[in-house]
file coords-v9.txt (compact mmCIF, C-alpha atoms)
# COMPACT_ATOMS: atom_id res chain seq x y z
CA MET L 170 17.59 -23.56 25.27
CA GLY L 171 18.63 -23.96 21.67
CA VAL L 172 20.72 -22.56 18.88
CA LEU L 173 20.08 -19.13 17.41
CA PRO L 174 18.59 -19.56 13.92
CA SER L 175 20.95 -18.90 11.07
CA PRO L 176 21.13 -15.43 9.53
CA ALA L 177 19.60 -16.89 6.39
CA ARG L 178 16.55 -18.09 8.30
CA ARG L 179 16.14 -14.76 10.07
CA ARG L 180 16.37 -12.97 6.73
CA ALA L 181 13.74 -15.32 5.33
CA LEU L 182 11.43 -14.52 8.20
CA ARG L 183 11.86 -10.79 7.71
CA MET L 184 11.20 -11.25 4.00
CA LEU L 185 7.97 -13.05 4.86
CA PHE L 186 6.71 -10.08 6.86
CA ALA L 187 8.04 -7.63 4.29
CA ALA L 188 6.04 -9.43 1.64
CA ALA L 189 2.92 -9.18 3.79
CA THR L 190 3.54 -5.47 4.15
CA VAL L 191 3.99 -4.95 0.43
CA LEU L 192 0.74 -6.78 -0.33
CA ALA L 193 -1.15 -4.78 2.27
CA LEU L 194 0.30 -1.51 1.01
CA ALA L 195 -0.57 -2.44 -2.54
CA ALA L 196 -4.14 -3.11 -1.48
CA THR L 197 -4.25 0.24 0.26
CA ALA L 198 -3.04 2.04 -2.86
CA ALA L 199 -5.25 0.11 -5.25
CA GLY L 200 -8.15 2.53 -5.25
CA PRO L 201 -10.90 4.24 -3.33
CA ALA L 202 -12.12 0.99 -1.77
CA ALA L 203 -8.75 0.50 -0.10
CA ALA L 204 -9.13 3.82 1.70
CA SER L 205 -12.47 2.87 3.22
CA PRO L 206 -12.86 3.25 6.99
CA GLY L 207 -12.67 -0.52 7.47
CA ARG L 208 -9.13 -0.77 6.06
CA LEU L 209 -6.08 -0.16 8.24
CA MET L 210 -2.66 0.86 7.04
CA PRO L 211 -0.20 -1.80 8.20
CA GLN L 212 2.36 -0.65 10.75
CA VAL L 213 5.59 -2.26 11.87
CA VAL L 214 5.62 -3.65 15.42
CA SER L 215 9.00 -4.66 16.80
CA VAL L 216 8.92 -7.99 18.64
CA GLY L 217 11.64 -9.40 20.89
CA SER L 218 11.55 -13.19 21.02
CA HIS L 219 13.44 -15.86 22.95
CA TYR L 220 12.09 -18.63 20.70
CA ASP L 221 15.52 -19.35 19.30
CA SER L 222 15.12 -22.90 18.01
CA ASP L 223 12.56 -25.16 16.40
CA PRO L 224 9.79 -26.01 16.79
CA ASP L 225 9.13 -22.76 18.68
CA PHE L 226 11.00 -20.56 16.22
CA THR L 227 8.90 -21.68 13.26
CA GLY L 228 5.68 -21.85 15.29
CA PHE L 229 6.04 -18.29 16.55
CA ALA L 230 6.87 -17.07 13.04
CA ALA L 231 3.70 -18.74 11.75
CA GLU L 232 1.59 -17.11 14.46
CA MET L 233 3.05 -13.66 13.80
CA ALA L 234 2.55 -14.11 10.04
CA TYR L 235 -1.08 -15.01 10.70
CA CYS L 236 -1.56 -11.87 12.79
CA ALA L 237 0.18 -9.76 10.14
CA GLY L 238 -2.61 -10.68 7.75
CA ALA L 239 -5.44 -10.67 10.27
CA LYS L 240 -4.70 -7.34 11.95
CA SER L 241 -2.84 -5.24 9.35
CA THR L 242 0.35 -5.25 11.35
CA THR L 243 3.89 -6.09 10.36
CA PRO L 244 5.70 -7.89 13.18
CA ASP L 245 9.46 -7.34 12.93
CA ILE L 246 10.94 -10.16 15.02
CA HIS L 247 14.35 -9.95 16.65
CA THR L 248 15.30 -13.37 18.03
CA TYR L 249 17.58 -13.66 21.07
CA GLU L 250 19.13 -16.75 22.59
CA TRP L 251 16.79 -18.29 25.16
CA THR L 252 18.88 -18.37 28.34
CA PRO L 253 20.69 -15.00 27.98
CA PHE L 254 17.37 -13.31 27.21
CA GLN L 255 15.77 -14.81 30.29
CA ASP L 256 18.74 -14.05 32.56
CA ASN L 257 19.05 -10.44 31.31
CA PHE L 258 15.38 -9.55 30.87
CA GLN L 259 15.46 -6.61 33.29
CA ALA L 260 18.49 -5.12 31.54
CA TYR L 261 16.73 -5.76 28.22
CA LEU L 262 13.65 -3.85 29.38
CA GLU L 263 15.87 -1.06 30.69
CA GLY L 264 17.62 -0.81 27.32
CA THR L 265 21.08 -1.83 28.55
CA TRP L 266 21.16 -5.36 27.11
CA PRO L 267 22.42 -6.64 24.80
CA GLU L 268 25.56 -4.51 24.80
CA GLY L 269 25.62 -2.29 21.76
CA SER L 270 21.84 -2.29 21.37
CA GLU L 271 19.97 0.85 20.39
CA GLY L 272 18.99 1.55 23.98
CA THR L 273 15.34 0.47 23.86
CA PRO L 274 13.68 -2.94 23.87
CA GLU L 275 11.27 -4.07 21.19
CA THR L 276 7.67 -2.94 21.71
CA VAL L 277 6.32 -6.47 22.26
CA ALA L 278 8.33 -9.18 24.01
CA THR L 279 7.87 -12.85 24.75
CA TRP L 280 7.76 -13.56 28.47
CA PHE L 281 6.11 -15.57 31.26
CA GLY L 282 2.93 -15.17 33.31
CA GLY L 283 2.46 -14.89 37.06
CA HIS L 284 5.10 -13.51 39.41
CA ARG L 285 7.74 -13.44 36.68
CA MET L 286 5.69 -10.85 34.82
CA GLN L 287 4.36 -9.12 37.94
CA TYR L 288 7.85 -8.33 39.18
CA PHE L 289 8.66 -6.28 36.07
CA ALA L 290 5.20 -4.70 35.92
CA GLY L 291 5.66 -3.62 39.52
CA HIS L 292 8.97 -1.99 38.62
CA GLY L 293 7.38 0.06 35.83
CA LEU L 294 9.12 -1.84 33.03
CA LEU L 295 5.95 -3.05 31.26
CA THR L 296 2.93 -1.20 29.84
CA PRO L 297 -0.63 -2.15 30.88
CA ILE L 298 -2.86 -3.33 28.05
CA PRO L 299 -6.51 -2.84 29.14
CA THR L 300 -7.61 -2.10 25.57
CA VAL L 301 -6.30 -5.49 24.46
CA TRP L 302 -7.95 -7.36 27.33
CA ARG L 303 -11.36 -5.88 26.61
CA GLN L 304 -11.13 -7.71 23.28
CA ILE L 305 -9.75 -11.04 24.49
CA GLU L 306 -11.15 -11.51 28.00
CA HIS L 307 -13.78 -14.00 26.84
CA ASN L 308 -11.03 -16.33 25.61
CA TYR L 309 -9.50 -16.88 29.05
CA SER L 310 -10.33 -18.46 32.38
CA PRO L 311 -10.20 -16.38 35.59
CA ALA L 312 -6.93 -18.16 36.47
CA MET L 313 -5.31 -17.03 33.22
CA GLN L 314 -6.51 -13.48 33.83
CA GLU L 315 -5.04 -13.59 37.34
CA LEU L 316 -1.67 -14.68 35.92
CA SER L 317 -1.82 -11.68 33.59
CA THR L 318 -2.55 -9.10 36.28
CA GLY L 319 0.13 -6.86 37.78
CA PRO L 320 0.50 -5.75 41.41
CA ASP L 321 -1.54 -2.63 40.62
CA GLY L 322 -4.51 -4.65 39.38
CA GLN L 323 -3.95 -3.78 35.73
CA LEU L 324 -3.47 -6.35 32.96
CA TYR L 325 -0.05 -6.62 31.36
CA PHE L 326 0.20 -10.03 29.70
CA VAL L 327 -1.39 -12.08 26.92
CA PRO L 328 -1.18 -15.85 27.64
CA GLN L 329 -0.22 -17.95 24.63
CA PHE L 330 0.25 -21.54 25.72
CA THR L 331 0.78 -23.78 28.71
CA TYR L 332 2.21 -27.21 29.46
CA PRO L 333 2.43 -29.51 32.50
CA TRP L 334 5.44 -30.97 34.27
CA VAL L 335 4.64 -34.68 34.43
CA VAL L 336 6.18 -38.13 34.59
CA LEU L 337 6.69 -39.18 30.98
CA TYR L 338 7.02 -42.85 30.08
CA ASN L 339 7.40 -45.08 27.05
CA THR L 340 4.33 -47.29 26.72
CA SER L 341 6.26 -49.88 24.70
CA VAL L 342 8.79 -50.26 27.51
CA PHE L 343 6.02 -50.56 30.08
CA ALA L 344 4.24 -53.19 27.98
CA ALA L 345 7.42 -55.20 27.35
CA HIS L 346 8.16 -55.45 31.08
CA GLY L 347 4.62 -55.62 32.39
CA TYR L 348 4.87 -52.35 34.29
CA THR L 349 1.78 -50.47 35.45
CA VAL L 350 1.46 -46.74 36.08
CA PRO L 351 1.96 -45.93 39.79
CA THR L 352 -0.50 -43.68 41.61
CA THR L 353 1.26 -43.48 44.99
CA PHE L 354 4.86 -42.66 45.80
CA ASP L 355 5.35 -46.10 47.38
CA GLU L 356 4.22 -47.69 44.12
CA PHE L 357 6.55 -45.33 42.25
CA LEU L 358 9.53 -46.45 44.35
CA ALA L 359 8.61 -50.13 43.93
CA LEU L 360 8.38 -49.68 40.16
CA ALA L 361 11.72 -47.88 40.11
CA GLY L 362 13.28 -50.81 41.94
CA ARG L 363 11.91 -53.25 39.35
CA MET L 364 13.25 -51.08 36.54
CA GLN L 365 16.67 -51.00 38.13
CA SER L 366 16.63 -54.80 38.43
CA ASP L 367 15.67 -54.98 34.76
CA GLY L 368 18.74 -52.93 33.79
CA LEU L 369 16.93 -49.63 33.18
CA VAL L 370 17.59 -46.19 34.59
CA PRO L 371 14.35 -45.69 36.54
CA LEU L 372 14.29 -41.89 36.29
CA ALA L 373 16.04 -39.97 33.51
CA PHE L 374 17.55 -36.77 34.88
CA GLY L 375 19.90 -33.97 33.84
CA ASP L 376 20.63 -30.51 35.19
CA ALA L 377 23.34 -29.22 32.88
CA ASP L 378 21.40 -26.01 32.20
CA GLY L 379 20.80 -25.29 35.87
CA TRP L 380 16.99 -25.08 35.86
CA GLU L 381 15.87 -28.68 35.33
CA ALA L 382 16.21 -29.70 39.01
CA MET L 383 13.86 -26.87 39.99
CA GLY L 384 10.92 -28.87 38.68
CA LEU L 385 11.78 -31.90 40.79
CA PHE L 386 12.16 -29.72 43.89
CA ASP L 387 8.80 -28.05 43.18
CA ILE L 388 6.81 -31.25 42.89
CA LEU L 389 8.40 -32.85 45.97
CA ASP L 390 7.69 -29.72 48.01
CA MET L 391 4.07 -29.54 46.84
CA ARG L 392 3.51 -33.24 47.48
CA LEU L 393 5.17 -33.24 50.91
CA ASN L 394 4.21 -29.81 52.22
CA GLY L 395 1.28 -28.60 50.16
CA PHE L 396 0.73 -25.86 47.61
CA ASP L 397 0.36 -22.99 50.09
CA PHE L 398 3.63 -23.78 51.86
CA HIS L 399 5.42 -24.08 48.53
CA MET L 400 4.17 -20.73 47.29
CA GLY L 401 5.06 -19.17 50.64
CA LEU L 402 8.57 -20.51 50.29
CA MET L 403 8.82 -19.05 46.80
CA ASN L 404 7.77 -15.57 47.96
CA GLY L 405 9.68 -15.43 51.24
CA ALA L 406 6.81 -16.08 53.62
CA GLN L 407 8.37 -19.39 54.66
CA SER L 408 11.96 -20.01 55.73
CA TRP L 409 14.44 -22.14 53.84
CA THR L 410 15.69 -23.45 57.18
CA ASP L 411 12.27 -24.94 57.99
CA ALA L 412 12.37 -28.68 58.73
CA ARG L 413 9.82 -29.19 55.95
CA VAL L 414 12.28 -27.85 53.37
CA LYS L 415 14.98 -30.13 54.76
CA ALA L 416 12.60 -33.07 54.23
CA VAL L 417 12.30 -32.13 50.55
CA PHE L 418 16.05 -32.17 50.04
CA GLU L 419 16.31 -35.45 51.94
CA GLN L 420 13.72 -36.94 49.60
CA LEU L 421 15.51 -35.57 46.57
CA ARG L 422 18.78 -37.03 47.86
CA ASP L 423 17.11 -40.44 48.22
CA LEU L 424 15.86 -40.29 44.63
CA LEU L 425 19.26 -39.59 43.09
CA PRO L 426 20.46 -43.24 43.14
CA LEU L 427 17.44 -44.04 40.96
CA ALA L 428 18.23 -41.28 38.47
CA SER L 429 20.69 -40.87 35.62
CA PRO L 430 24.28 -40.59 36.89
CA ASP L 431 26.28 -37.34 36.67
CA PRO L 432 23.22 -35.09 36.19
CA LEU L 433 25.33 -31.93 36.03
CA SER L 434 26.89 -33.16 32.79
CA ARG L 435 23.57 -34.13 31.24
CA SER L 436 21.00 -31.82 29.66
CA TRP L 437 17.25 -32.28 29.55
CA ARG L 438 17.64 -33.44 25.95
CA ASP L 439 19.84 -36.31 27.12
CA GLY L 440 17.04 -37.42 29.41
CA ALA L 441 14.55 -37.31 26.55
CA ALA L 442 16.90 -39.48 24.48
CA GLU L 443 17.08 -42.05 27.30
CA LEU L 444 13.31 -42.18 27.48
CA ALA L 445 12.91 -42.49 23.72
CA ASP L 446 15.45 -45.29 23.25
CA GLY L 447 14.12 -47.30 26.18
CA THR L 448 17.18 -47.07 28.43
CA ALA L 449 15.21 -45.06 31.01
CA GLY L 450 11.82 -46.07 32.36
CA MET L 451 10.46 -42.65 33.37
CA TYR L 452 11.29 -38.96 33.04
CA PHE L 453 9.95 -36.05 35.08
CA LEU L 454 9.99 -32.94 32.89
CA GLY L 455 7.77 -30.48 31.07
CA THR L 456 6.05 -31.85 27.99
CA PHE L 457 8.43 -29.80 25.83
CA ALA L 458 10.57 -32.93 26.15
CA SER L 459 8.76 -33.93 22.95
CA TRP L 460 11.04 -31.53 21.04
CA ALA L 461 13.94 -33.94 21.56
CA ILE L 462 12.03 -37.14 20.74
CA ASP L 463 11.82 -38.47 17.20
CA PRO L 464 8.26 -38.12 15.82
CA SER L 465 8.22 -41.84 15.06
CA VAL L 466 8.55 -42.54 18.81
CA MET L 467 6.04 -39.95 20.05
CA PRO L 468 2.98 -42.23 19.68
CA ASP L 469 4.57 -44.42 22.37
CA ILE L 470 5.08 -41.55 24.85
CA ASP L 471 2.44 -41.07 27.54
CA MET L 472 2.37 -39.28 30.90
CA PHE L 473 0.98 -39.26 34.43
CA ALA L 474 0.97 -36.73 37.24
CA PHE L 475 3.69 -37.23 39.84
CA PRO L 476 2.36 -39.73 42.42
CA VAL L 477 0.90 -38.66 45.75
CA PHE L 478 2.47 -39.36 49.15
CA GLY L 479 -0.64 -40.44 51.07
CA ASN L 480 -0.91 -37.28 53.15
CA ALA L 481 -3.23 -34.33 53.66
CA TYR L 482 -2.12 -32.74 50.37
CA ASP L 483 -3.03 -35.59 48.02
CA ALA L 484 -6.37 -34.01 47.07
CA GLU L 485 -4.64 -30.81 45.94
CA ALA L 486 -3.09 -32.64 42.97
CA ALA L 487 -0.82 -29.62 42.53
CA ILE L 488 1.49 -29.39 39.52
CA ASP L 489 3.74 -26.97 37.72
CA ALA L 490 2.10 -25.79 34.49
CA PRO L 491 3.89 -22.64 33.28
CA VAL L 492 2.18 -20.14 31.00
CA ASP L 493 4.15 -18.36 28.26
CA GLY L 494 2.95 -15.31 26.40
CA LEU L 495 3.53 -11.73 25.32
CA ALA L 496 3.85 -8.39 27.09
CA MET L 497 4.28 -4.78 26.00
CA THR L 498 7.43 -2.97 27.07
CA THR L 499 7.61 0.74 27.82
CA ASN L 500 8.66 1.31 24.20
CA THR L 501 5.16 1.95 22.83
CA THR L 502 6.13 2.77 19.25
CA ASN L 503 3.08 2.25 16.98
CA LEU L 504 0.88 1.64 20.00
CA SER L 505 -2.33 0.97 18.12
CA ALA L 506 -0.65 -1.57 15.83
CA ALA L 507 0.97 -3.26 18.84
CA GLN L 508 -2.42 -3.49 20.54
CA ARG L 509 -3.90 -5.09 17.42
CA LEU L 510 -1.04 -7.59 17.32
CA LEU L 511 -1.51 -8.53 20.98
CA ALA L 512 -5.28 -8.86 20.55
CA CYS L 513 -4.67 -11.24 17.67
CA ALA L 514 -2.20 -13.26 19.75
CA GLY L 515 -4.93 -13.61 22.36
CA SER L 516 -7.20 -15.40 19.89
CA PRO L 517 -7.42 -19.20 19.76
CA ALA L 518 -6.93 -19.14 15.98
CA ALA L 519 -3.53 -17.47 16.33
CA GLN L 520 -2.41 -19.79 19.12
CA LEU L 521 -3.32 -22.83 17.03
CA GLN L 522 -1.01 -21.51 14.31
CA PHE L 523 1.84 -21.82 16.82
CA LEU L 524 0.73 -25.23 18.05
CA ALA L 525 0.60 -26.62 14.54
CA TYR L 526 4.40 -26.76 14.80
CA ASP L 527 4.75 -27.60 18.49
CA SER L 528 2.80 -30.43 20.10
CA GLY L 529 4.61 -29.93 23.42
CA TYR L 530 2.13 -27.19 24.42
CA ILE L 531 -1.60 -26.58 24.49
CA ALA L 532 -3.35 -23.27 23.89
CA ALA L 533 -3.86 -20.91 26.81
CA ALA L 534 -7.18 -19.76 25.34
CA LYS L 535 -10.02 -21.81 26.81
CA THR L 536 -12.02 -21.31 23.61
CA ALA L 537 -9.43 -23.02 21.38
CA ASP L 538 -10.72 -25.83 19.16
CA THR L 539 -8.93 -28.90 20.51
CA SER L 540 -9.97 -31.19 17.65
CA SER L 541 -6.56 -30.66 16.05
CA TYR L 542 -4.69 -31.73 19.21
CA THR L 543 -2.54 -34.82 19.07
CA PRO L 544 -3.24 -37.61 21.60
CA PHE L 545 -0.20 -36.29 23.52
CA GLN L 546 -1.76 -32.83 23.72
CA GLN L 547 -5.10 -34.29 24.76
CA ARG L 548 -3.35 -36.01 27.67
CA MET L 549 -1.65 -32.73 28.61
CA ALA L 550 -5.02 -30.99 28.73
CA SER L 551 -6.43 -33.79 30.90
CA VAL L 552 -3.58 -33.58 33.43
CA ILE L 553 -3.90 -29.80 33.73
CA ALA L 554 -7.68 -30.02 34.08
CA SER L 555 -7.27 -32.55 36.91
CA ALA L 556 -4.92 -30.35 38.92
CA GLY L 557 -6.38 -28.67 41.98
CA HIS L 558 -3.57 -26.10 42.19
CA ILE L 559 -1.17 -24.90 39.51
CA ALA L 560 2.23 -23.36 40.14
CA GLN L 561 4.28 -21.68 37.43
CA PHE L 562 7.74 -23.18 38.16
CA MET L 563 10.38 -22.11 40.65
CA ASP L 564 12.12 -19.57 38.43
CA ARG L 565 8.75 -17.96 37.64
CA ASP L 566 7.12 -18.08 41.07
CA MET L 567 10.22 -16.60 42.72
CA ARG L 568 11.75 -13.14 42.31
CA PRO L 569 14.09 -13.28 39.31
CA ASP L 570 17.14 -11.91 41.10
CA PHE L 571 17.11 -15.00 43.33
CA ALA L 572 15.92 -17.68 40.89
CA GLY L 573 18.79 -17.54 38.42
CA PRO L 574 22.51 -18.37 38.38
CA GLY L 575 23.17 -16.04 41.32
CA GLY L 576 20.64 -17.86 43.50
CA MET L 577 18.70 -21.12 43.41
CA GLN L 578 20.31 -22.45 40.24
CA THR L 579 23.68 -22.35 41.98
CA PHE L 580 22.33 -23.76 45.25
CA LEU L 581 20.68 -26.69 43.48
CA THR L 582 23.81 -27.35 41.44
CA ASP L 583 25.83 -27.35 44.66
CA PHE L 584 23.42 -29.83 46.23
CA LEU L 585 23.55 -32.19 43.24
CA ALA L 586 27.34 -32.09 43.28
CA ASN L 587 27.36 -33.03 46.98
CA PRO L 588 23.99 -34.42 48.11
CA ASP L 589 25.47 -35.82 51.34
CA GLN L 590 26.56 -32.43 52.66
CA ASP L 591 25.30 -30.93 55.93
CA LEU L 592 21.78 -29.90 54.96
CA ASP L 593 21.32 -27.58 57.93
CA ALA L 594 24.34 -25.53 56.88
CA PHE L 595 23.28 -25.72 53.23
CA LEU L 596 19.78 -24.41 53.95
CA ALA L 597 21.14 -21.71 56.25
CA GLY L 598 23.21 -20.50 53.29
CA ILE L 599 20.11 -20.25 51.11
CA GLN L 600 18.24 -18.30 53.78
CA THR L 601 21.19 -15.96 54.31
CA ALA L 602 21.28 -15.22 50.58
CA TRP L 603 17.52 -14.55 50.58
CA ASP L 604 17.76 -12.25 53.57
CA ALA L 605 20.48 -10.24 51.83
CA LEU L 606 18.22 -9.36 48.88
CA PRO L 607 17.12 -5.74 48.51
CA PRO L 608 13.41 -5.00 49.02
CA GLU L 609 11.32 -6.15 46.09

call {"tool": "encode", "arguments": {"input": "coords-v9.txt", "output": "structure tokens"}}
result
Amino acid sequence: MGVLPSPARRRALRMLFAAATVLALAATAAGPAAASPGRLMPQVVSVGSHYDSDPDFTGFAAEMAYCAGAKSTTPDIHTYEWTPFQDNFQAYLEGTWPEGSEGTPETVATWFGGHRMQYFAGHGLLTPIPTVWRQIEHNYSPAMQELSTGPDGQLYFVPQFTYPWVVLYNTSVFAAHGYTVPTTFDEFLALAGRMQSDGLVPLAFGDADGWEAMGLFDILDMRLNGFDFHMGLMNGAQSWTDARVKAVFEQLRDLLPLASPDPLSRSWRDGAAELADGTAGMYFLGTFASWAIDPSVMPDIDMFAFPVFGNAYDAEAAIDAPVDGLAMTTNTTNLSAAQRLLACAGSPAAQLQFLAYDSGYIAAAKTADTSSYTPFQQRMASVIASAGHIAQFMDRDMRPDFAGPGGMQTFLTDFLANPDQDLDAFLAGIQTAWDALPPE
């Protein structure tokens, strides 16, 4: 989801950490005081990161630099391209990706909470970190701890930040046309009709990367069928041929005439551009959409939770709000230093270092000082706090060997290319593919 930073920038980052190491080593060698029991010799911790573009690239570098000083560690970051890293994470953990690698992953790796982490923990590809969690537990809510817990009940993950999937809108456009924020789906459709009459694209939309449409499916399923059904569908407890799933695709099909044309040729950044320049009235996406919006426009961007349908699930107010963070691989080189690094990353102070560069997220630590949050981040926090149930996103709540290009990404792309196809046959194809999966 971005361009790999230039070799010059990667060298600069390594030089930053090298400088921190030199200073720490110099302090250690300076005299008897440096050898006191309270001083720790810095140790290199290899870190695999998928934060391949700004603002995440710079934000993560700032956080790791902070922890280098705070915990006498020297993070050595190897940055991979976002999508290949995500699609090949199992091979990465097994030491077979990328081709020509040294055969082992970095000791610490960026990854995602919930089922997406639990799958790899359950396959023995991550190392539990109870020592780290004894130091950071007070920073997290029970929900965050649950998202960090593997199938065996041990803790494997350090949450870093979270963000909601919401309907974004441009307040200047709303004011110019006299629009008001809808709270029900009927009001949403009526507003979309007005926008279309006014020459706007009611709902910006693009699925060029294959994952964007997952968010729209998720919210429609949770609104129409409830959180429990949705999570059951993600984990195989519900069938894709269920009439309730068909209703979701029918609703998605009905929304497409209100959305940007040719979504398969448009990326999420294209949708953000439409929202920013006022050619689109609304945009359903994660708040990372702010990355693609000029800072001068951001004060005009606000958000609201996707409207309710007037059914038994309205009170759930369920949303997708993924949690990103760090895990330890089975390569436990310099274990104590890696544990110190992860403990630092679990502190609100470290997470705020990251967020100083990226206002599209909020800290995962409940104890973070929110006084530095932008108004946009304050709204994010309010939406998440108002949610009765929180899902992680389709490609995180579902087993990874079915969520990616070999599974739901391809099925959703096929649907968008031909939304008028026979839905019964389409859904039977999804179920057949699920049934053919090996045991998890």

call {"tool": "residues_around", "arguments": {"input": "coords-v9.txt", "residues": "Leu372 of chain L", "least_positions_apart": "3", "cutoff": "6 Å", "atoms": "only C-alpha atoms", "output": "number ranges by chain"}}
result
L: 428, 451-452

call {"tool": "residues_near_point", "arguments": {"input": "coords-v9.txt", "point": "(10.0, -2.6, 20.3)", "cutoff": "10 Å", "atoms": "only C-alpha atoms", "output": "MDAnalysis selection string"}}
result
chainID L and resid 213:217 244:247 262 273:278 497:503 507

call {"tool": "closest_residue", "arguments": {"input": "coords-v9.txt", "among": "L:Tyr338, L:Tyr542, L:Trp266, L:Phe562", "to": "Gly283 of chain L", "atoms": "only C-alpha atoms"}}
result
L:Phe562

call {"tool": "residues_around", "arguments": {"input": "coords-v9.txt", "residues": "Gln420 of chain L", "least_positions_apart": "6", "cutoff": "10 Å", "atoms": "all atoms listed in the file", "output": "CSV table (one decimal) with C-alpha atoms, in the coordinates of the input"}}
result
chain,number,residue,atom,x,y,z
L,386,PHE,CA,12.2,-29.7,43.9
L,389,LEU,CA,8.4,-32.8,46.0
L,390,ASP,CA,7.7,-29.7,48.0
L,393,LEU,CA,5.2,-33.2,50.9
L,414,VAL,CA,12.3,-27.8,53.4

call {"tool": "atom_distance", "arguments": {"input": "coords-v9.txt", "atom1": "atom CA of Gln329 of chain L", "atom2": "atom CA of Met313 of chain L"}}
result
10.0 Å

call {"tool": "atom_distance", "arguments": {"input": "coords-v9.txt", "atom1": "atom CA of Ala556 of chain L", "atom2": "atom CA of Asp397 of chain L"}}
result
14.4 Å

call {"tool": "decode", "arguments": {"input": "coords-v9.txt", "residues": "segment 304-316 of chain L", "atoms": "C-alpha atoms", "output": "PDB file, in the first residue's frame"}}
result
ATOM      1  CA  GLN L 304       4.960  -4.840  32.126  1.00  0.00           C
ATOM      2  CA  ILE L 305       2.329  -3.392  29.797  1.00  0.00           C
ATOM      3  CA  GLU L 306      -0.968  -4.968  30.865  1.00  0.00           C
ATOM      4  CA  HIS L 307      -2.101  -1.842  32.706  1.00  0.00           C
ATOM      5  CA  ASN L 308      -1.958   0.127  29.448  1.00  0.00           C
ATOM      6  CA  TYR L 309      -4.636  -1.935  27.700  1.00  0.00           C
ATOM      7  CA  SER L 310      -8.334  -2.693  27.910  1.00  0.00           C
ATOM      8  CA  PRO L 311      -9.550  -6.304  28.266  1.00  0.00           C
ATOM      9  CA  ALA L 312     -10.611  -6.179  24.598  1.00  0.00           C
ATOM     10  CA  MET L 313      -7.076  -5.302  23.493  1.00  0.00           C
ATOM     11  CA  GLN L 314      -5.681  -8.103  25.643  1.00  0.00           C
ATOM     12  CA  GLU L 315      -8.159 -10.534  24.069  1.00  0.00           C
ATOM     13  CA  LEU L 316      -7.006  -9.495  20.586  1.00  0.00           C
TER      14      LEU L 316
END
